[in-house]
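All remarks here apply to the structure that follows.
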Protein chains: 4
Amino acid sequence: MTNTQVTHIQIDNYGPWTVTPEPRREVDLQTLQSRLYADLSQLFGNRNGYVFFTRFDNMIAVSNGVDMDAHALIQESVSNRYPVTMSLGVATGRSPVTALGTATELLQEEGSAQDKHRREILKGRVIDEEFRQPDDVQLAHFDVDNATEKYTDQLNEFDTFINIEQGYAELMKYMRHEHNSLSFFVGGDNIIAVCPELGNDAYQDAVDHVSETVNVQLKVGVGQGKNPADAGMDAKHALESCRATGETVELDF
Amino acid sequence: MTNTQVTHIQIDNYGPWTVTPEPRREVDLQTLQSRLYADLSQLFGNRNGYVFFTRFDNMIAVSNGVDMDAHALIQESVSNRYPVTMSLGVATGRSPVTALGTATELLQEEGSAQDKHRREILKGRVIDEEFRQPDDVQLAHFDVDNATEKYTDQLNEFDTFINIEQGYAELMKYMRHEHNSLSFFVGGDNIIAVCPELGNDAYQDAVDHVSETVNVQLKVGVGQGKNPADAGMDAKHALESCRATGETVELDF
Amino acid sequence: MTNTQVTHIQIDNYGPWTVTPEPRREVDLQTLQSRLYADLSQLFGNRNGYVFFTRFDNMIAVSNGVDMDAHALIQESVSNRYPVTMSLGVATGRSPVTALGTATELLQEEGSAQDKHRREILKGRVIDEEFRQPDDVQLAHFDVDNATEKYTDQLNEFDTFINIEQGYAELMKYMRHEHNSLSFFVGGDNIIAVCPELGNDAYQDAVDHVSETVNVQLKVGVGQGKNPADAGMDAKHALESCRATGETVELDF
Amino acid sequence: MTNTQVTHIQIDNYGPWTVTPEPRREVDLQTLQSRLYADLSQLFGNRNGYVFFTRFDNMIAVSNGVDMDAHALIQESVSNRYPVTMSLGVATGRSPVTALGTATELLQEEGSAQDKHRREILKGRVIDEEFRQPDDVQLAHFDVDNATEKYTDQLNEFDTFINIEQGYAELMKYMRHEHNSLSFFVGGDNIIAVCPELGNDAYQDAVDHVSETVNVQLKVGVGQGKNPADAGMDAKHALESCRATGETVELDF
Ligand SMILES: Nc1nc2c(ncn2[C@@H]2O[C@H](COP(=O)(O)OP(=O)(O)OP(=O)(O)O)[C@@H](O)[C@H]2O)c(=O)[nH]1
Ligand SMILES: Nc1nc2c(ncn2[C@@H]2O[C@H](COP(=O)(O)OP(=O)(O)OP(=O)(O)O)[C@@H](O)[C@H]2O)c(=O)[nH]1
Ligand SMILES: Nc1nc2c(ncn2[C@@H]2O[C@H](COP(=O)(O)OP(=O)(O)OP(=O)(O)O)[C@@H](O)[C@H]2O)c(=O)[nH]1
Ligand SMILES: Nc1nc2c(ncn2[C@@H]2O[C@H](COP(=O)(O)OP(=O)(O)OP(=O)(O)O)[C@@H](O)[C@H]2O)c(=O)[nH]1
Ligand SMILES: [Ca+2]
Ligand SMILES: [Ca+2]
Ligand SMILES: [Ca+2]
Ligand SMILES: [Ca+2]
């Protein structure tokens, strides 16, 4: 049974900062945001976690294996190196959606995302080491079939992007509402979903739904692990095995 | 009349690289992609251009003012510092969509995005310095009204994201098909659109459409300039003026 | 008794790479080198290690607490994100000099630093978890007295630098030959030395020597710990205590 | 005749910041410093300038071709993305030492490097575009003969470093006092010197001096240009030509 640990990362009072005293140069904001994300990818990644950029001012991490001390260190390291600080809410649950709900609430309870005085909140609970299990995290790596041949090499890049985006927009809603999963675009034609315990049928159902509604053909590899790094790597191997066999869904467990 | 210069940036043969010899750790790919984007933001931004991350393996830049030599230098600087190389197609046009179409074709003519032997293509034309005009670039900065109060402080972060995403997915398609514009999510609740010469009505129309179809309320500031940095900064000031006056659309020209 | 674990980090075949096929732009090399160092600082730092930039193509880490798997991960993460790879030799010893000697030999045995075929060597031994002790690492944080007033605010920046540099050049040799320590300039007017078990007298002796030979006045805080992060933070607190009391040498243990 | 434009870059009030409210983690400071340097390398480098890390809290740039607006933009971009700000003094002169002297004084006049209220100073003058000449900048690229064979592959890395360092310490003093030049270690066994108009004899003299005093054998390629990028690249080609011919000094002009 899955037990996903989720961290909601929120830059403190970021909106006002971007326009104070004057609107800041967009290229600098883009650089700041993407480097912060890159750093968090390494900071969580070095502890076997995964981070998703989501909206950049709010990011979502799957953090099984990252304890509260490590969260504190990550928070401190960012405040030592960036002109902004961030708050962290951490929660766990059988369903990633529930876990995230709790994580977000922990921050909301402390004030608004644009509260001037709410800074560097660190709240929540992690899974005690002794209760961590080899099937705590289930990750699915979705990928569009032949994206290069069908889109990239045919259409202008924006129209390719619209196709991929439509596939993503549809999948993210469907997985959220039908399967309590959080799906994130990770670049190219790839989407990683953080899922509760789901089986072959649920994934086939999601792939079919996307194919029927927006005509984008997906395949998906699924992995399980004690932490996101292991689950994610297994999912990638499962996806390679889809590529080899032509299967649409492959579970590596 | 606008004359948008667009650069299509494509990482060479990236898909195969990500899984050779074995699938690479996702956190490293995320770090690589977002840092490359950050670097390009600075490399183009230092020459008054804008880059959008789009799919990360393919990015789109508005590059008015960046000549072919500068493109070559950017390409070389990346190949000096990354394990991957990139190809660049550059084109101009009254409509950003047409310009991008040409830019993409320049790359497609040279082979597939996953062609092993197609590396570091640099093709295309820029606007001659003497023909550059103060209204070559029109940029619109869209923003969701009260996103913090309505979403961020109320819903779990993923549901907030779904709302923002729906607004974006709808706007990107509508602006593409009705107004020949390229719209990019830039984080938070912000979308920047690269537009041909559009007036107040077109923007009001787009905002209305998004409001009606997915119930997300936008406002938009629009700027014009010889280069993206100027047009974008004017758009930001126009957006601030929406904030001050309560207007939905504000053109800064 | 100290037991320092040292990692010798060497970029593989870097000299030839910098000039192939043509000399590469120096600013890109500088960017590459300093970012690689920044990344290693985080990669080791996240595991409570310290890295020193030394010559940039060869760096030295104090890595107590970083096991061989973590070394492998660091090596892989770099090769996933840089155009160069690196080899790692790991060794331990009562004296940092001896430990480094062994670490370097492990690499030398495998071939020259400019051997085309020697890539991503990973060799050596770490201290078994059960044998790690709270006094394994001794770090000394040296700092020039009133550098701002005496130099920075008086001389041109290069002449300030010459003064600091002379202090460093003298200290590094003296600590190496008299006290079996490895001293690294870390910016500003700060030097961090990795030491065997030394007492107050040894540090006073070194400070006196530098004062007498090149007329640069140092103070020093010294810390001990199971890992470099702890020892280094204690050394910083000891140095603050020098600042408060006017003492020249302060041991925080 | 050379006309070197020099920029003195100083982080504002950095010393106090590093220990407020408590000493900050050294690995984060190292990361901050080296990334700031990397960014400045790109920011100046994109405008054909060179930056040297010097003491990291104070850096020296050769900035021929970078005008005051560009300096302002660089300053702003850093303050948008870092927790610290920096002041810039810009000056020009026949001799790099004199130019730097003026640049430093411009900052010193505004207050101490550790003055709480002195922030983001930007002062000085650049060479007017019309007066820029193809021999404004003379750069010399020094390199140790066979460093790999003689040191890297023989000694422990610290002893190798001591040798290189001794060579550098000697050269920097000698070039400063005998030849009004500013010499910077740039990693590996390389030193780049910013020089006034010097001829073959001066370079041979410096190489001889280092060989005699500390027994380190150097060779040197020298280039001239309108900007540092051109002069530096010519110097590198001249150095390659030393490698090919066995000459000790090679001027590429
Ligand atoms: N984040 C991430 N992106 C990947 C990964 N593998 C591939 N991609 C992206 O996906 C894009 C397309 O590559 P592929 O999926 O291999 O190409 P394709 O043409 O769709 O071919 P098939 O998927 O094999 O049918 C690449 O450019 C990458 O951006 C991965 O492991 N992680
Ligand atoms: N990229 C980018 N993002 C911005 C900018 N300004 C704001 N944002 C993002 O938008 C988010 C929300 O901030 P605001 O739009 O100020 O907040 P709001 O609650 O929607 O308030 P109003 O827009 O004033 O109604 C911030 O967290 C940022 O992520 C900007 O100039 N550029
Ligand atoms: N790497 C590193 N550098 C530091 C640290 N603290 C200070 N520095 C550097 O040292 C420089 C000088 O700062 P201080 O040593 O505080 O200033 P000072 O004028 O010498 O004053 P005192 O040392 O108090 O006599 C700063 O600009 C920093 O570059 C630190 O903890 N780590
Ligand atoms: N910054 C910088 N460093 C370089 C450059 N070329 C070489 N290096 C450094 O110098 C080190 C030694 O390389 P080489 O100088 O080629 O090797 P060597 O053994 O001394 O051989 P020779 O100089 O040819 O006698 C490399 O590891 C790099 O760190 C360069 O262009 N710029
Ligand atoms: Ca695919
Ligand atoms: Ca908003
Ligand atoms: Ca000091
Ligand atoms: Ca050499």
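Just remember, in the structure tokens the first chain shown is A, the second B, etc., residues are 1-based per chain, and ligands are 1-based in the order shown.
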May I have the residues within 9 Å of Ser181 of chain C as a ChimeraX atom specification, using only C-alpha atoms and disregarding those fewer than 6 positions away in the same chain? /C:95-97,172,174-175,193-196
Would you output that residue set with C-alpha atoms, as a tab-separated table (two decimals), in the first residue's frame?
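Ended up saving to selection.tsv:
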```tsv
chain	number	residue	atom	x	y	z
C	95	SER	CA	47.26	12.95	8.78
C	96	PRO	CA	45.41	14.73	5.97
C	97	VAL	CA	48.64	14.82	3.98
C	172	MET	CA	50.01	26.92	3.15
C	174	TYR	CA	54.31	26.25	6.70
C	175	MET	CA	51.24	24.28	7.72
C	193	ALA	CA	43.07	24.31	7.03
C	194	VAL	CA	42.44	20.59	7.33
C	195	CYS	CA	44.62	19.43	10.19
C	196	PRO	CA	45.72	16.39	12.13
```
Identify, with DSSP run on backbone atoms, the residues in segment 40-228 of chain D assigned to alpha helix (DSSP H), and express the list as a ChimeraX atom specification. /D:40-45,68-81,96-108,147,157-179,200-214,228
Could you list, as number ranges by chain, every residue of chain C that has an atom within 6 Å of an atom of chain D, counting only C-alpha atoms? C: 27, 31, 34, 38, 41, 45, 55-57, 101, 104, 108, 112, 153, 156, 187-188
Write the residues of the preceding selection, restricted to all heavy atoms, as a CSV table (one decimal), in the first residue's frame.
```csv
chain,number,residue,atom,x,y,z
C,27,VAL,N,36.0,32.6,-21.0
C,27,VAL,CA,34.9,32.8,-20.1
C,27,VAL,C,34.0,31.6,-20.0
C,27,VAL,O,33.4,31.4,-18.9
C,27,VAL,CB,34.0,34.0,-20.6
C,27,VAL,CG1,34.8,35.3,-20.4
C,27,VAL,CG2,33.6,33.9,-22.0
C,31,THR,N,33.4,29.6,-16.5
C,31,THR,CA,32.0,29.3,-16.0
C,31,THR,C,31.9,27.8,-15.7
C,31,THR,O,31.3,27.5,-14.7
C,31,THR,CB,31.0,29.7,-17.2
C,31,THR,OG1,31.2,31.1,-17.5
C,31,THR,CG2,29.6,29.5,-16.7
C,34,SER,N,33.9,27.0,-12.4
C,34,SER,CA,33.3,27.5,-11.1
C,34,SER,C,32.0,26.9,-10.9
C,34,SER,O,31.6,26.7,-9.7
C,34,SER,CB,33.3,29.0,-11.1
C,34,SER,OG,32.8,29.5,-12.3
C,38,ALA,N,30.9,24.7,-7.7
C,38,ALA,CA,29.7,25.0,-6.9
C,38,ALA,C,28.8,23.8,-6.7
C,38,ALA,O,28.3,23.5,-5.7
C,38,ALA,CB,28.9,26.1,-7.6
C,41,SER,N,30.4,21.5,-4.3
C,41,SER,CA,30.2,22.0,-2.9
C,41,SER,C,28.9,21.6,-2.4
C,41,SER,O,28.7,21.2,-1.2
C,41,SER,CB,30.3,23.5,-2.9
C,41,SER,OG,31.6,24.0,-2.7
C,45,GLY,N,28.6,18.9,0.2
C,45,GLY,CA,28.0,19.6,1.3
C,45,GLY,C,26.7,19.1,1.9
C,45,GLY,O,26.5,19.1,3.1
C,55,ARG,N,43.0,23.8,-7.7
C,55,ARG,CA,43.3,24.3,-9.0
C,55,ARG,C,42.1,24.2,-10.0
C,55,ARG,O,42.3,24.3,-11.2
C,55,ARG,CB,44.5,23.4,-9.6
C,55,ARG,CG,45.7,23.5,-8.7
C,55,ARG,CD,46.9,22.9,-9.5
C,55,ARG,NE,46.9,21.5,-9.7
C,55,ARG,CZ,47.4,20.9,-10.8
C,55,ARG,NH1,47.9,21.5,-11.7
C,55,ARG,NH2,47.3,19.5,-10.8
C,56,PHE,N,40.9,23.8,-9.5
C,56,PHE,CA,39.7,23.7,-10.3
C,56,PHE,C,39.7,22.4,-11.2
C,56,PHE,O,38.7,21.7,-11.3
C,56,PHE,CB,39.4,24.9,-11.2
C,56,PHE,CG,38.9,26.1,-10.4
C,56,PHE,CD1,39.7,27.2,-10.0
C,56,PHE,CD2,37.6,26.1,-9.9
C,56,PHE,CE1,39.3,28.2,-9.3
C,56,PHE,CE2,37.1,27.2,-9.2
C,56,PHE,CZ,37.9,28.2,-8.8
C,57,ASP,N,40.8,22.1,-11.9
C,57,ASP,CA,40.9,20.9,-12.6
C,57,ASP,C,41.1,19.7,-11.7
C,57,ASP,O,40.8,18.6,-12.0
C,57,ASP,CB,41.9,20.9,-13.8
C,57,ASP,CG,43.3,21.2,-13.3
C,57,ASP,OD1,43.5,21.5,-12.2
C,57,ASP,OD2,44.2,21.0,-14.1
C,101,GLY,N,47.9,11.8,0.0
C,101,GLY,CA,48.9,11.1,-0.8
C,101,GLY,C,48.4,9.8,-1.3
C,101,GLY,O,48.5,9.5,-2.5
C,104,THR,N,45.7,10.4,-4.1
C,104,THR,CA,46.3,10.8,-5.4
C,104,THR,C,46.9,9.6,-6.0
C,104,THR,O,46.7,9.4,-7.2
C,104,THR,CB,47.3,11.9,-5.2
C,104,THR,OG1,46.7,13.1,-4.6
C,104,THR,CG2,48.0,12.3,-6.5
C,108,GLN,N,46.8,8.0,-9.8
C,108,GLN,CA,48.1,7.9,-10.6
C,108,GLN,C,48.3,6.5,-11.1
C,108,GLN,O,48.8,6.3,-12.2
C,108,GLN,CB,49.3,8.5,-9.8
C,108,GLN,CG,49.2,10.0,-9.6
C,108,GLN,CD,50.2,10.5,-8.6
C,108,GLN,OE1,50.7,9.8,-7.8
C,108,GLN,NE2,50.4,11.8,-8.6
C,112,SER,N,47.9,8.5,-16.5
C,112,SER,CA,48.1,9.9,-16.4
C,112,SER,C,46.8,10.7,-16.3
C,112,SER,O,45.7,10.2,-16.8
C,112,SER,CB,48.9,10.4,-17.6
C,112,SER,OG,48.9,11.8,-17.7
C,153,ASP,N,40.1,48.9,2.1
C,153,ASP,CA,39.7,50.4,2.0
C,153,ASP,C,40.8,51.3,1.7
C,153,ASP,O,40.7,52.5,1.7
C,153,ASP,CB,39.0,50.8,3.3
C,153,ASP,CG,37.6,50.1,3.5
C,153,ASP,OD1,37.1,49.5,2.5
C,153,ASP,OD2,37.0,50.2,4.6
C,156,ASN,N,44.8,49.6,-3.8
C,156,ASN,CA,44.0,49.1,-5.0
C,156,ASN,C,43.8,47.6,-4.8
C,156,ASN,O,44.5,47.0,-4.0
C,156,ASN,CB,44.7,49.5,-6.3
C,156,ASN,CG,45.9,48.6,-6.6
C,156,ASN,OD1,45.8,47.3,-6.6
C,156,ASN,ND2,47.0,49.2,-6.9
C,187,GLY,N,38.3,32.5,-0.2
C,187,GLY,CA,37.8,33.8,-0.6
C,187,GLY,C,38.0,34.9,0.5
C,187,GLY,O,38.2,34.5,1.7
C,188,GLY,N,37.9,36.1,0.1
C,188,GLY,CA,38.0,37.2,1.0
C,188,GLY,C,39.4,37.2,1.7
C,188,GLY,O,40.4,37.4,1.0
```
Given a cut-off of 6 Å, what residues near ligand 6 show up using only C-alpha atoms and all ligand atoms, put as a list in words?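 Listing the residues within 6 Å of ligand 6 gives Asp143, Val144, Asp145, Asn146, Ala147 and Asp189 of chain B.
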Output all heavy atoms for every residue in that selection, as a short mmCIF file (atom, residue, chain, number, x, y, z; two decimals), in the first residue's frame.
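Heads up, here's the output in part-v9.cif:
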```cif
data_model
loop_
_atom_site.label_atom_id
_atom_site.label_comp_id
_atom_site.auth_asym_id
_atom_site.auth_seq_id
_atom_site.Cartn_x
_atom_site.Cartn_y
_atom_site.Cartn_z
N ASP B 143 -2.34 37.90 -16.71
CA ASP B 143 -2.22 37.53 -15.30
C ASP B 143 -3.62 37.22 -14.76
O ASP B 143 -4.60 37.89 -15.12
CB ASP B 143 -1.60 38.72 -14.56
CG ASP B 143 -1.59 38.56 -13.06
OD1 ASP B 143 -2.65 38.79 -12.42
OD2 ASP B 143 -0.54 38.21 -12.51
N VAL B 144 -3.70 36.23 -13.89
CA VAL B 144 -4.99 35.84 -13.31
C VAL B 144 -5.33 36.80 -12.17
O VAL B 144 -4.49 37.11 -11.32
CB VAL B 144 -4.93 34.39 -12.79
CG1 VAL B 144 -6.22 34.02 -12.07
CG2 VAL B 144 -4.64 33.43 -13.93
N ASP B 145 -6.59 37.26 -12.14
CA ASP B 145 -7.02 38.15 -11.05
C ASP B 145 -7.05 37.41 -9.72
O ASP B 145 -7.64 36.33 -9.62
CB ASP B 145 -8.46 38.65 -11.32
CG ASP B 145 -8.49 39.70 -12.40
OD1 ASP B 145 -7.42 40.25 -12.73
OD2 ASP B 145 -9.59 39.95 -12.94
N ASN B 146 -6.46 38.02 -8.72
CA ASN B 146 -6.56 37.49 -7.36
C ASN B 146 -6.27 36.01 -7.23
O ASN B 146 -6.96 35.31 -6.49
CB ASN B 146 -7.97 37.72 -6.81
CG ASN B 146 -8.23 39.18 -6.56
OD1 ASN B 146 -7.37 39.88 -6.02
ND2 ASN B 146 -9.39 39.64 -6.96
N ALA B 147 -5.29 35.55 -7.94
CA ALA B 147 -5.00 34.11 -7.89
C ALA B 147 -4.68 33.66 -6.47
O ALA B 147 -5.04 32.55 -6.06
CB ALA B 147 -3.82 33.79 -8.82
N ASP B 189 0.92 32.72 -12.05
CA ASP B 189 -0.35 32.78 -12.79
C ASP B 189 -0.16 33.67 -14.01
O ASP B 189 -1.09 34.31 -14.47
CB ASP B 189 -1.46 33.34 -11.89
CG ASP B 189 -1.15 34.78 -11.44
OD1 ASP B 189 0.01 35.23 -11.59
OD2 ASP B 189 -2.06 35.44 -10.93
#
```
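With distances restricted to only C-alpha atoms and all ligand atoms, C:Ala244 is the closest residue to ligand 3 from C:Ile127, C:Val62, C:Ala244, C:Ile11.
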Step one, run DSSP on the backbone; step two, keep only residues of segment 86-117 of chain D assigned to strand (DSSP E or B); then write them as a PyMOL selection string. chain D and resi 86-93
Output the selection as a PDB file, in the first residue's frame - all heavy atoms for each residue.
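File produced: part_9.pdb:
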```
ATOM      1  N   MET D  86      26.189  44.332  -5.299  1.00  0.00           N
ATOM      2  CA  MET D  86      27.591  44.644  -5.535  1.00  0.00           C
ATOM      3  C   MET D  86      27.765  46.066  -6.071  1.00  0.00           C
ATOM      4  O   MET D  86      26.893  46.618  -6.727  1.00  0.00           O
ATOM      5  CB  MET D  86      28.213  43.624  -6.490  1.00  0.00           C
ATOM      6  CG  MET D  86      27.545  43.595  -7.840  1.00  0.00           C
ATOM      7  SD  MET D  86      28.168  42.242  -8.884  1.00  0.00           S
ATOM      8  CE  MET D  86      27.609  42.896 -10.492  1.00  0.00           C
ATOM      9  N   SER D  87      28.913  46.647  -5.756  1.00  0.00           N
ATOM     10  CA  SER D  87      29.282  47.962  -6.255  1.00  0.00           C
ATOM     11  C   SER D  87      30.318  47.813  -7.353  1.00  0.00           C
ATOM     12  O   SER D  87      31.109  46.866  -7.346  1.00  0.00           O
ATOM     13  CB  SER D  87      29.842  48.817  -5.116  1.00  0.00           C
ATOM     14  OG  SER D  87      28.794  49.202  -4.254  1.00  0.00           O
ATOM     15  N   LEU D  88      30.294  48.773  -8.286  1.00  0.00           N
ATOM     16  CA  LEU D  88      31.192  48.712  -9.429  1.00  0.00           C
ATOM     17  C   LEU D  88      31.910  50.044  -9.620  1.00  0.00           C
ATOM     18  O   LEU D  88      31.272  51.091  -9.696  1.00  0.00           O
ATOM     19  CB  LEU D  88      30.400  48.408 -10.709  1.00  0.00           C
ATOM     20  CG  LEU D  88      29.539  47.138 -10.725  1.00  0.00           C
ATOM     21  CD1 LEU D  88      28.728  47.056 -12.017  1.00  0.00           C
ATOM     22  CD2 LEU D  88      30.412  45.896 -10.581  1.00  0.00           C
ATOM     23  N   GLY D  89      33.240  49.988  -9.705  1.00  0.00           N
ATOM     24  CA  GLY D  89      34.031  51.157 -10.060  1.00  0.00           C
ATOM     25  C   GLY D  89      34.709  50.874 -11.392  1.00  0.00           C
ATOM     26  O   GLY D  89      35.308  49.813 -11.559  1.00  0.00           O
ATOM     27  N   VAL D  90      34.619  51.815 -12.314  1.00  0.00           N
ATOM     28  CA  VAL D  90      35.151  51.601 -13.666  1.00  0.00           C
ATOM     29  C   VAL D  90      36.152  52.696 -14.003  1.00  0.00           C
ATOM     30  O   VAL D  90      35.869  53.881 -13.812  1.00  0.00           O
ATOM     31  CB  VAL D  90      34.010  51.651 -14.714  1.00  0.00           C
ATOM     32  CG1 VAL D  90      34.512  51.179 -16.078  1.00  0.00           C
ATOM     33  CG2 VAL D  90      32.810  50.847 -14.267  1.00  0.00           C
ATOM     34  N   ALA D  91      37.318  52.314 -14.511  1.00  0.00           N
ATOM     35  CA  ALA D  91      38.293  53.330 -14.908  1.00  0.00           C
ATOM     36  C   ALA D  91      39.179  52.807 -16.027  1.00  0.00           C
ATOM     37  O   ALA D  91      39.233  51.605 -16.286  1.00  0.00           O
ATOM     38  CB  ALA D  91      39.144  53.747 -13.712  1.00  0.00           C
ATOM     39  N   THR D  92      39.885  53.720 -16.672  1.00  0.00           N
ATOM     40  CA  THR D  92      40.729  53.341 -17.797  1.00  0.00           C
ATOM     41  C   THR D  92      42.123  53.932 -17.612  1.00  0.00           C
ATOM     42  O   THR D  92      42.313  54.865 -16.825  1.00  0.00           O
ATOM     43  CB  THR D  92      40.156  53.893 -19.121  1.00  0.00           C
ATOM     44  OG1 THR D  92      40.205  55.324 -19.064  1.00  0.00           O
ATOM     45  CG2 THR D  92      38.717  53.456 -19.305  1.00  0.00           C
ATOM     46  N   GLY D  93      43.077  53.359 -18.323  1.00  0.00           N
ATOM     47  CA  GLY D  93      44.433  53.888 -18.197  1.00  0.00           C
ATOM     48  C   GLY D  93      45.400  53.164 -19.103  1.00  0.00           C
ATOM     49  O   GLY D  93      45.138  52.033 -19.509  1.00  0.00           O
TER      50      GLY D  93
END
```
Distance query segment 197-201 of chain D at most 12 Å, only C-alpha atoms, self and fewer than 4 positions along chain excluded, as a PyMOL selection string: chain D and resi 1-4+93-96+135-140+175+178-181+193+205-209+219-225+247-253
Pick from A:Ser63, A:His71, A:His117, A:Ser79: nearest to Asn13 of chain A, with only C-alpha atoms counted? A:His117
